[in-house]
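S.K.: Sharing a structure, written as structure tokens. Questions coming.
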Amino acid sequence: MRLISALDSWNGEGFTGPVLFEIEDDRLTVVDAAVKDDRSAAHIDGTAQIEGTAHIDGTAHIEGTVFPGFTDSHVHLGLVDPAGLVPGGIARVVDLGSDPDLVARWAAADVLDVEYAGAFLTALGGYPVGRTWAPRESIREVMSARESAAAVDEMAVAGASVIKIALNATGPIWDDRQLHAVVRQAHDAGLPVVAHTEGVGQAMRAVRAGVDRLAHTPWSELLSDDDVREAAETSSWVSTLDIHGWGERTPEFEIALDNLRRFAAAGGHVLYGTDLGNGPLPVGINTRELDALVAAGLSTDAVIGAIAPGPLQGRVSVIRGSVSADRPVLAAWLSTATVHSVRDLEETFA
Ligand SMILES: [Zn+2]
């Protein structure tokens, strides 16, 4: 059995304290009770607690905290150099709109952990058709349920784990019948739907059509408290606050921040995402985006959950030294994380 210990880890809900993992292939699993008994450790609330920390002879030790790989849940790999993401502290991305062949190649290249939607599904002439940053290969314009079924199938075959749709009322958008058809088709294929919504009314229209996730915190309007509560029950939101002004507080930033503050307070699930490729954003962890999550009133646990939503598998993030998740320095502390492949952990921390 291959084992590795650490000062601390994040298990998706909280910090575990000193921990001993088994390395199985590319996955970390907290060791079971039998092994802990062998190491004379206590078992508390189902979480492994190794007393006196687990410096075990012959076992690699991480003098720091282990997290699921820090994830940017909204990127466009075709618009940046993806090779810069891991050195910049991002282990895993969800690409929300690119040429499906291109993102499949980046996923296969394994320079970082990649999930993707493939192309945008949109109305004829709808967003992002005509945008200079959006190549034709990254868009499927669909006008009927038959065409959207074919597009959903194409993305599923291309390896998509989500379907991205656009509802941007500054251009043509689907009617409710077509919107509901796409959502149903994606769900029938086992794929959640992520929507770009823009324009008054579009965010709640997406939520009520059964869209699982909004690609951006809504910024076109201040949503009512009732709408925010309704959205919090059924959808998750990708934050993307920093696209509004990149550090300058614009009116759109203030609207999005207010919506996100109430969404989080209502128990809504927030994911860290930057829309990387859209504007002058750092390739890697964006400390301003994390600071904005703190400003939106997310709890420390919610901020960490937003950037580390995945399993301890593939690539993980490590912050060396003892835990210091104090709120004033939370964003800065998280920004010091480095990315490590589970397969290389023993060698790195031998
Ligand atoms: Zn985007």
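Each chain in the structure tokens gets a letter, A, B and so on, in the order shown; residues start at 1 in every chain, and ligands are counted from 1 in the order they appear.
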List the spatial neighbours of stretch 328-330 of chain A as a PDB file with N, CA and C atoms, in the first residue's frame - criterion: any atom at most 9 Å away, only C-alpha atoms, same-chain residues fewer than 3 positions off excluded.

M.R.:
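Below is the file that was written, result-v4.pdb:
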ATOM      1  N   LEU A 290     -11.022  35.845  -6.251  1.00  0.00           N
ATOM      2  CA  LEU A 290     -11.177  35.298  -4.897  1.00  0.00           C
ATOM      3  C   LEU A 290     -11.547  36.396  -3.904  1.00  0.00           C
ATOM      4  N   ASP A 291     -10.896  37.558  -4.029  1.00  0.00           N
ATOM      5  CA  ASP A 291     -11.232  38.680  -3.148  1.00  0.00           C
ATOM      6  C   ASP A 291     -12.692  39.086  -3.330  1.00  0.00           C
ATOM      7  N   VAL A 294     -14.925  36.824  -1.420  1.00  0.00           N
ATOM      8  CA  VAL A 294     -14.922  37.214  -0.005  1.00  0.00           C
ATOM      9  C   VAL A 294     -15.802  38.450   0.186  1.00  0.00           C
ATOM     10  N   THR A 300     -15.636  31.272   4.515  1.00  0.00           N
ATOM     11  CA  THR A 300     -14.342  30.689   4.162  1.00  0.00           C
ATOM     12  C   THR A 300     -14.536  29.329   3.506  1.00  0.00           C
ATOM     13  N   VAL A 303     -15.814  29.751  -0.046  1.00  0.00           N
ATOM     14  CA  VAL A 303     -14.784  30.204  -0.986  1.00  0.00           C
ATOM     15  C   VAL A 303     -13.891  29.028  -1.390  1.00  0.00           C
ATOM     16  N   SER A 324      -3.631  28.807   7.442  1.00  0.00           N
ATOM     17  CA  SER A 324      -3.880  30.185   7.860  1.00  0.00           C
ATOM     18  C   SER A 324      -5.027  30.738   7.040  1.00  0.00           C
ATOM     19  N   ALA A 325      -6.196  30.128   7.197  1.00  0.00           N
ATOM     20  CA  ALA A 325      -7.353  30.533   6.394  1.00  0.00           C
ATOM     21  C   ALA A 325      -8.088  31.702   7.052  1.00  0.00           C
ATOM     22  N   TRP A 333      -3.719  33.761   0.604  1.00  0.00           N
ATOM     23  CA  TRP A 333      -3.233  32.437   1.027  1.00  0.00           C
ATOM     24  C   TRP A 333      -3.550  31.386  -0.034  1.00  0.00           C
ATOM     25  N   LEU A 334      -4.786  31.381  -0.526  1.00  0.00           N
ATOM     26  CA  LEU A 334      -5.162  30.399  -1.546  1.00  0.00           C
ATOM     27  C   LEU A 334      -4.324  30.577  -2.815  1.00  0.00           C
ATOM     28  N   SER A 335      -3.949  31.823  -3.097  1.00  0.00           N
ATOM     29  CA  SER A 335      -3.194  32.108  -4.320  1.00  0.00           C
ATOM     30  C   SER A 335      -1.765  31.571  -4.281  1.00  0.00           C
TER      31      SER A 335
END

S.K.: Please extract the residues at most 9 Å from ligand 1, counting only C-alpha atoms and all ligand atoms, and provide them as a PyMOL selection string, using the chain letters and residue numbers of this document.

M.R.: chain A and resi 74-76+95-97+196+215-216+240+274-278

S.K.: The selected residues should be written to file as a short mmCIF file (atom, residue, chain, number, x, y, z; two decimals), in the first residue's frame (atoms: C-alpha atoms).

M.R.:
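Generated output (result.cif):
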data_model
loop_
_atom_site.label_atom_id
_atom_site.label_comp_id
_atom_site.auth_asym_id
_atom_site.auth_seq_id
_atom_site.Cartn_x
_atom_site.Cartn_y
_atom_site.Cartn_z
CA HIS A 74 -15.27 29.03 -16.82
CA VAL A 75 -12.43 29.25 -19.32
CA HIS A 76 -11.90 29.34 -23.08
CA ASP A 95 -14.00 25.05 -20.92
CA LEU A 96 -17.34 26.70 -21.65
CA GLY A 97 -17.13 27.30 -25.38
CA HIS A 196 -24.59 32.39 -20.76
CA ALA A 215 -21.88 30.72 -16.63
CA HIS A 216 -21.82 34.18 -15.03
CA THR A 240 -16.88 35.69 -13.06
CA THR A 274 -13.03 33.77 -14.43
CA ASP A 275 -14.13 33.53 -18.10
CA LEU A 276 -10.43 33.24 -18.86
CA GLY A 277 -9.76 34.38 -22.41
CA ASN A 278 -12.19 37.30 -22.04
#

S.K.: At a cut-off of 6 Å, using only C-alpha atoms, what residues contact stretch 224-232 of chain A? Leave out same-chain residues fewer than 2 positions from it and give the result as an MDAnalysis selection string.

M.R.: chainID A and resid 234:235 263 266 268

S.K.: Which residues come within 10 Å of A:Gly14, counting only C-alpha atoms, excluding same-chain residues fewer than 2 positions away, as a PDB file with C-alpha atoms, in the first residue's frame?

M.R.:
ATOM      1  CA  SER A   9      -6.422  18.504   3.925  1.00  0.00           C
ATOM      2  CA  TRP A  10      -9.736  19.759   2.595  1.00  0.00           C
ATOM      3  CA  ASN A  11     -12.351  17.023   2.229  1.00  0.00           C
ATOM      4  CA  GLY A  12     -14.965  19.062   0.398  1.00  0.00           C
ATOM      5  CA  THR A  16      -9.515  17.284   8.274  1.00  0.00           C
ATOM      6  CA  GLY A  17      -6.452  18.009  10.372  1.00  0.00           C
ATOM      7  CA  THR A 300     -14.342  30.689   4.162  1.00  0.00           C
ATOM      8  CA  ASP A 301     -15.642  27.174   3.522  1.00  0.00           C
ATOM      9  CA  ALA A 302     -17.745  28.390   0.590  1.00  0.00           C
ATOM     10  CA  ILE A 304     -12.619  27.089  -0.719  1.00  0.00           C
ATOM     11  CA  GLY A 305     -15.471  24.911  -1.971  1.00  0.00           C
TER      12      GLY A 305
END

S.K.: Compare A:Ile90, A:Ala256, A:Leu167, A:Leu345 by their minimum atom-to-atom distance to A:Val283, counting only C-alpha atoms, and give me the closest one.

M.R.: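 With only C-alpha atoms as the atom set, the closest residue is A:Ile90.
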
S.K.: Between A:Leu222, A:Val183, A:Ala308, A:Val31, which has the minimum distance to A:Val207 (counting only C-alpha atoms)?

M.R.: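 Smallest distance to A:Val207 is found for A:Val183.
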
S.K.: Which is closest to A:Ile62 among A:Thr122, A:Gln202, A:Ser5, A:Ser220, if we use only C-alpha atoms?

M.R.: A:Ser5

S.K.: Mind checking DSSP for stretch 290-338 of chain A and telling me the alpha helix (DSSP H) residues as a ChimeraX atom specification?

M.R.: /A:290-295,300-307,330-334

S.K.: Nearest residue to A:Glu13 out of A:Arg320, A:Thr338, A:Pro311, A:Leu121, using only C-alpha atoms?

M.R.: A:Pro311

S.K.: A:Ser161, A:Val342, A:Met155, A:Asp81: which is nearest A:Gly190, counting only C-alpha atoms?

M.R.: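 Of A:Ser161, A:Val342, A:Met155, A:Asp81, the one nearest A:Gly190 is A:Ser161, counting only C-alpha atoms.
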
S.K.: May I have the residues within 12 Å of A:Pro128 as a JSON list (two decimals) with N, CA and C atoms, in the first residue's frame, using only C-alpha atoms and disregarding those fewer than 2 positions away in the same chain?

M.R.:
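Output contents, as saved in out-v1.json:
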[["chain", "number", "residue", "atom", "x", "y", "z"],
["A", 97, "GLY", "N", -16.88, 26.81, -24.03],
["A", 97, "GLY", "CA", -17.13, 27.30, -25.38],
["A", 97, "GLY", "C", -15.87, 27.42, -26.18],
["A", 98, "SER", "N", -15.60, 26.38, -26.99],
["A", 98, "SER", "CA", -14.41, 26.34, -27.84],
["A", 98, "SER", "C", -14.69, 25.34, -28.95],
["A", 119, "ALA", "N", -18.74, 23.21, -28.31],
["A", 119, "ALA", "CA", -19.22, 24.45, -28.93],
["A", 119, "ALA", "C", -20.38, 25.06, -28.16],
["A", 120, "PHE", "N", -20.55, 26.38, -28.34],
["A", 120, "PHE", "CA", -21.75, 27.08, -27.89],
["A", 120, "PHE", "C", -22.93, 26.60, -28.73],
["A", 121, "LEU", "N", -24.06, 26.30, -28.11],
["A", 121, "LEU", "CA", -25.30, 26.10, -28.85],
["A", 121, "LEU", "C", -26.11, 27.38, -28.72],
["A", 122, "THR", "N", -26.53, 27.92, -29.87],
["A", 122, "THR", "CA", -27.20, 29.23, -29.85],
["A", 122, "THR", "C", -28.21, 29.32, -30.98],
["A", 123, "ALA", "N", -28.99, 30.41, -30.98],
["A", 123, "ALA", "CA", -29.97, 30.67, -32.04],
["A", 123, "ALA", "C", -29.26, 31.09, -33.32],
["A", 124, "LEU", "N", -29.96, 31.03, -34.42],
["A", 124, "LEU", "CA", -29.40, 31.47, -35.70],
["A", 124, "LEU", "C", -28.99, 32.94, -35.57],
["A", 125, "GLY", "N", -27.70, 33.22, -35.75],
["A", 125, "GLY", "CA", -27.21, 34.58, -35.61],
["A", 125, "GLY", "C", -27.07, 35.03, -34.17],
["A", 126, "GLY", "N", -27.26, 34.10, -33.23],
["A", 126, "GLY", "CA", -27.22, 34.45, -31.80],
["A", 126, "GLY", "C", -25.79, 34.52, -31.27],
["A", 130, "GLY", "N", -20.33, 36.13, -34.86],
["A", 130, "GLY", "CA", -19.82, 37.42, -35.30],
["A", 130, "GLY", "C", -18.82, 38.05, -34.37],
["A", 131, "ARG", "N", -18.67, 37.50, -33.15],
["A", 131, "ARG", "CA", -17.63, 38.05, -32.26],
["A", 131, "ARG", "C", -16.26, 37.61, -32.80],
["A", 132, "THR", "N", -15.33, 38.55, -32.81],
["A", 132, "THR", "CA", -14.02, 38.24, -33.42],
["A", 132, "THR", "C", -13.30, 37.13, -32.67],
["A", 133, "TRP", "N", -13.59, 36.97, -31.37],
["A", 133, "TRP", "CA", -12.88, 35.96, -30.58],
["A", 133, "TRP", "C", -13.47, 34.57, -30.76],
["A", 134, "ALA", "N", -14.63, 34.47, -31.41],
["A", 134, "ALA", "CA", -15.33, 33.19, -31.46],
["A", 134, "ALA", "C", -15.22, 32.56, -32.85],
["A", 135, "PRO", "N", -14.32, 31.59, -33.03],
["A", 135, "PRO", "CA", -14.22, 30.94, -34.33],
["A", 135, "PRO", "C", -15.49, 30.14, -34.67],
["A", 136, "ARG", "N", -15.74, 29.97, -35.96],
["A", 136, "ARG", "CA", -16.94, 29.25, -36.40],
["A", 136, "ARG", "C", -17.04, 27.87, -35.75],
["A", 137, "GLU", "N", -15.89, 27.22, -35.58],
["A", 137, "GLU", "CA", -15.89, 25.86, -35.03],
["A", 137, "GLU", "C", -16.39, 25.82, -33.59],
["A", 138, "SER", "N", -16.45, 26.99, -32.93],
["A", 138, "SER", "CA", -16.86, 27.01, -31.53],
["A", 138, "SER", "C", -18.35, 27.30, -31.37],
["A", 139, "ILE", "N", -19.11, 27.34, -32.48],
["A", 139, "ILE", "CA", -20.52, 27.70, -32.42],
["A", 139, "ILE", "C", -21.36, 26.72, -33.24],
["A", 140, "ARG", "N", -22.51, 26.30, -32.70],
["A", 140, "ARG", "CA", -23.52, 25.55, -33.46],
["A", 140, "ARG", "C", -24.82, 26.34, -33.38],
["A", 141, "GLU", "N", -25.23, 26.92, -34.51],
["A", 141, "GLU", "CA", -26.51, 27.63, -34.57],
["A", 141, "GLU", "C", -27.60, 26.60, -34.84],
["A", 164, "LYS", "N", -23.19, 23.86, -23.26],
["A", 164, "LYS", "CA", -23.20, 25.32, -23.08],
["A", 164, "LYS", "C", -24.21, 25.93, -24.04],
["A", 165, "ILE", "N", -25.11, 26.75, -23.52],
["A", 165, "ILE", "CA", -26.06, 27.45, -24.38],
["A", 165, "ILE", "C", -25.93, 28.95, -24.15],
["A", 166, "ALA", "N", -26.37, 29.71, -25.14],
["A", 166, "ALA", "CA", -26.30, 31.17, -25.04],
["A", 166, "ALA", "C", -27.70, 31.75, -25.12],
["A", 167, "LEU", "N", -28.02, 32.60, -24.14],
["A", 167, "LEU", "CA", -29.29, 33.36, -24.13],
["A", 167, "LEU", "C", -28.92, 34.82, -23.92],
["A", 168, "ASN", "N", -28.45, 35.45, -24.99],
["A", 168, "ASN", "CA", -28.01, 36.83, -24.90],
["A", 168, "ASN", "C", -28.97, 37.69, -25.70],
["A", 169, "ALA", "N", -29.80, 38.44, -24.97],
["A", 169, "ALA", "CA", -30.90, 39.17, -25.59],
["A", 169, "ALA", "C", -30.45, 40.40, -26.39],
["A", 170, "THR", "N", -29.13, 40.65, -26.46],
["A", 170, "THR", "CA", -28.67, 41.71, -27.36],
["A", 170, "THR", "C", -28.66, 41.22, -28.80],
["A", 171, "GLY", "N", -28.94, 39.92, -28.99],
["A", 171, "GLY", "CA", -29.05, 39.35, -30.33],
["A", 171, "GLY", "C", -30.19, 38.36, -30.37],
["A", 172, "PRO", "N", -30.32, 37.58, -31.47],
["A", 172, "PRO", "CA", -31.39, 36.58, -31.55],
["A", 172, "PRO", "C", -31.26, 35.53, -30.45],
["A", 173, "ILE", "N", -32.39, 35.14, -29.88],
["A", 173, "ILE", "CA", -32.40, 34.06, -28.87],
["A", 173, "ILE", "C", -33.54, 33.10, -29.18],
["A", 196, "HIS", "N", -24.96, 30.97, -20.76],
["A", 196, "HIS", "CA", -24.59, 32.39, -20.76],
["A", 196, "HIS", "C", -25.90, 33.16, -20.85],
["A", 197, "THR", "N", -26.21, 33.96, -19.83],
["A", 197, "THR", "CA", -27.43, 34.77, -19.90],
["A", 197, "THR", "C", -27.06, 36.24, -19.83],
["A", 198, "GLU", "N", -27.71, 37.03, -20.65],
["A", 198, "GLU", "CA", -27.42, 38.46, -20.71],
["A", 198, "GLU", "C", -28.69, 39.15, -21.17]]

S.K.: For A:His187, find every residue with an atom within 12 Å (counting only C-alpha atoms), except residues of its own chain fewer than 2 positions away, and show them as a PyMOL selection string.

M.R.: chain A and resi 149+152-153+156+161-163+180-185+189-194+209-212

S.K.: Using only N, CA and C atoms, please write the residues we just selected to a file, as a short mmCIF file (atom, residue, chain, number, x, y, z; two decimals), in the first residue's frame.

M.R.:
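File produced: selection_6.cif:
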data_model
loop_
_atom_site.label_atom_id
_atom_site.label_comp_id
_atom_site.auth_asym_id
_atom_site.auth_seq_id
_atom_site.Cartn_x
_atom_site.Cartn_y
_atom_site.Cartn_z
N ALA A 149 -30.92 18.47 -31.12
CA ALA A 149 -30.63 17.08 -30.73
C ALA A 149 -29.33 16.61 -31.37
N VAL A 152 -26.37 18.35 -29.56
CA VAL A 152 -26.11 17.75 -28.25
C VAL A 152 -25.40 16.41 -28.43
N ASP A 153 -25.87 15.60 -29.38
CA ASP A 153 -25.22 14.31 -29.66
C ASP A 153 -23.77 14.52 -30.08
N ALA A 156 -21.67 15.32 -27.08
CA ALA A 156 -21.50 14.14 -26.21
C ALA A 156 -20.45 13.21 -26.81
N SER A 161 -18.71 17.15 -21.07
CA SER A 161 -19.34 16.76 -19.81
C SER A 161 -20.44 17.74 -19.41
N VAL A 162 -20.57 18.83 -20.18
CA VAL A 162 -21.66 19.79 -19.99
C VAL A 162 -22.07 20.31 -21.36
N ILE A 163 -23.27 20.89 -21.46
CA ILE A 163 -23.70 21.56 -22.68
C ILE A 163 -23.80 23.05 -22.39
N HIS A 180 -36.54 24.88 -24.01
CA HIS A 180 -36.89 23.69 -23.22
C HIS A 180 -36.45 22.41 -23.93
N ALA A 181 -36.51 22.40 -25.26
CA ALA A 181 -36.07 21.22 -26.01
C ALA A 181 -34.59 20.94 -25.78
N VAL A 182 -33.76 21.98 -25.85
CA VAL A 182 -32.32 21.79 -25.66
C VAL A 182 -32.03 21.27 -24.25
N VAL A 183 -32.67 21.88 -23.26
CA VAL A 183 -32.42 21.45 -21.87
C VAL A 183 -32.81 19.99 -21.70
N ARG A 184 -33.96 19.61 -22.26
CA ARG A 184 -34.42 18.22 -22.14
C ARG A 184 -33.45 17.26 -22.84
N GLN A 185 -33.00 17.66 -24.04
CA GLN A 185 -32.10 16.79 -24.81
C GLN A 185 -30.77 16.60 -24.08
N ALA A 189 -29.24 13.13 -22.32
CA ALA A 189 -27.89 12.61 -22.62
C ALA A 189 -27.03 12.54 -21.35
N GLY A 190 -27.62 12.91 -20.21
CA GLY A 190 -26.89 12.85 -18.95
C GLY A 190 -25.96 14.03 -18.74
N LEU A 191 -26.18 15.13 -19.48
CA LEU A 191 -25.29 16.28 -19.41
C LEU A 191 -26.00 17.48 -18.79
N PRO A 192 -25.38 18.12 -17.78
CA PRO A 192 -25.96 19.35 -17.26
C PRO A 192 -25.83 20.49 -18.27
N VAL A 193 -26.67 21.51 -18.10
CA VAL A 193 -26.67 22.65 -19.02
C VAL A 193 -26.15 23.89 -18.31
N VAL A 194 -25.19 24.56 -18.96
CA VAL A 194 -24.64 25.82 -18.46
C VAL A 194 -25.05 26.91 -19.44
N ALA A 209 -36.23 27.27 -16.99
CA ALA A 209 -36.23 26.25 -18.05
C ALA A 209 -35.46 25.01 -17.60
N GLY A 210 -34.90 25.03 -16.40
CA GLY A 210 -34.19 23.86 -15.89
C GLY A 210 -32.69 23.87 -16.13
N VAL A 211 -32.17 25.03 -16.53
CA VAL A 211 -30.71 25.14 -16.69
C VAL A 211 -30.05 24.91 -15.33
N ASP A 212 -28.97 24.14 -15.32
CA ASP A 212 -28.34 23.73 -14.07
C ASP A 212 -27.38 24.76 -13.51
#

S.K.: Name the closest residue to A:Glu347 among the candidates A:Ala60, A:Ala332, A:Ala203, A:Leu7; distances are taken between atoms, counting only C-alpha atoms.

M.R.: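 Nearest candidate to A:Glu347 out of A:Ala60, A:Ala332, A:Ala203, A:Leu7: A:Ala60.
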
S.K.: Among the residues of stretch 175-278 of chain A, find those DSSP assigns to strand (DSSP E) from the backbone and print them as a list in words.

M.R.: Val193, Val194, Ala195, His196, Thr197, Glu198, Arg213, Leu214, Ser236, Trp237, Val238, His269, Val270 and Leu271 of chain A

S.K.: Counting only C-alpha atoms, what is within 9 Å of A:Glu252, bar same-chain residues fewer than 5 positions away, as a PyMOL selection string?

M.R.: chain A and resi 219-221+241+244-245+257

S.K.: Selected residues, C-alpha atoms, written as an mmCIF file, in the first residue's frame, please.

M.R.:
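And here is the file that came out, selection_29.cif:
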data_model
loop_
_atom_site.group_PDB
_atom_site.id
_atom_site.type_symbol
_atom_site.label_atom_id
_atom_site.label_comp_id
_atom_site.auth_asym_id
_atom_site.auth_seq_id
_atom_site.Cartn_x
_atom_site.Cartn_y
_atom_site.Cartn_z
ATOM 1 C CA TRP A 219 -25.144 41.404 -14.113
ATOM 2 C CA SER A 220 -27.882 42.804 -16.402
ATOM 3 C CA GLU A 221 -30.280 43.553 -13.539
ATOM 4 C CA LEU A 241 -17.091 38.960 -11.080
ATOM 5 C CA HIS A 244 -16.431 43.659 -14.865
ATOM 6 C CA GLY A 245 -13.648 46.212 -14.698
ATOM 7 C CA LEU A 257 -21.773 41.428 -6.449
#
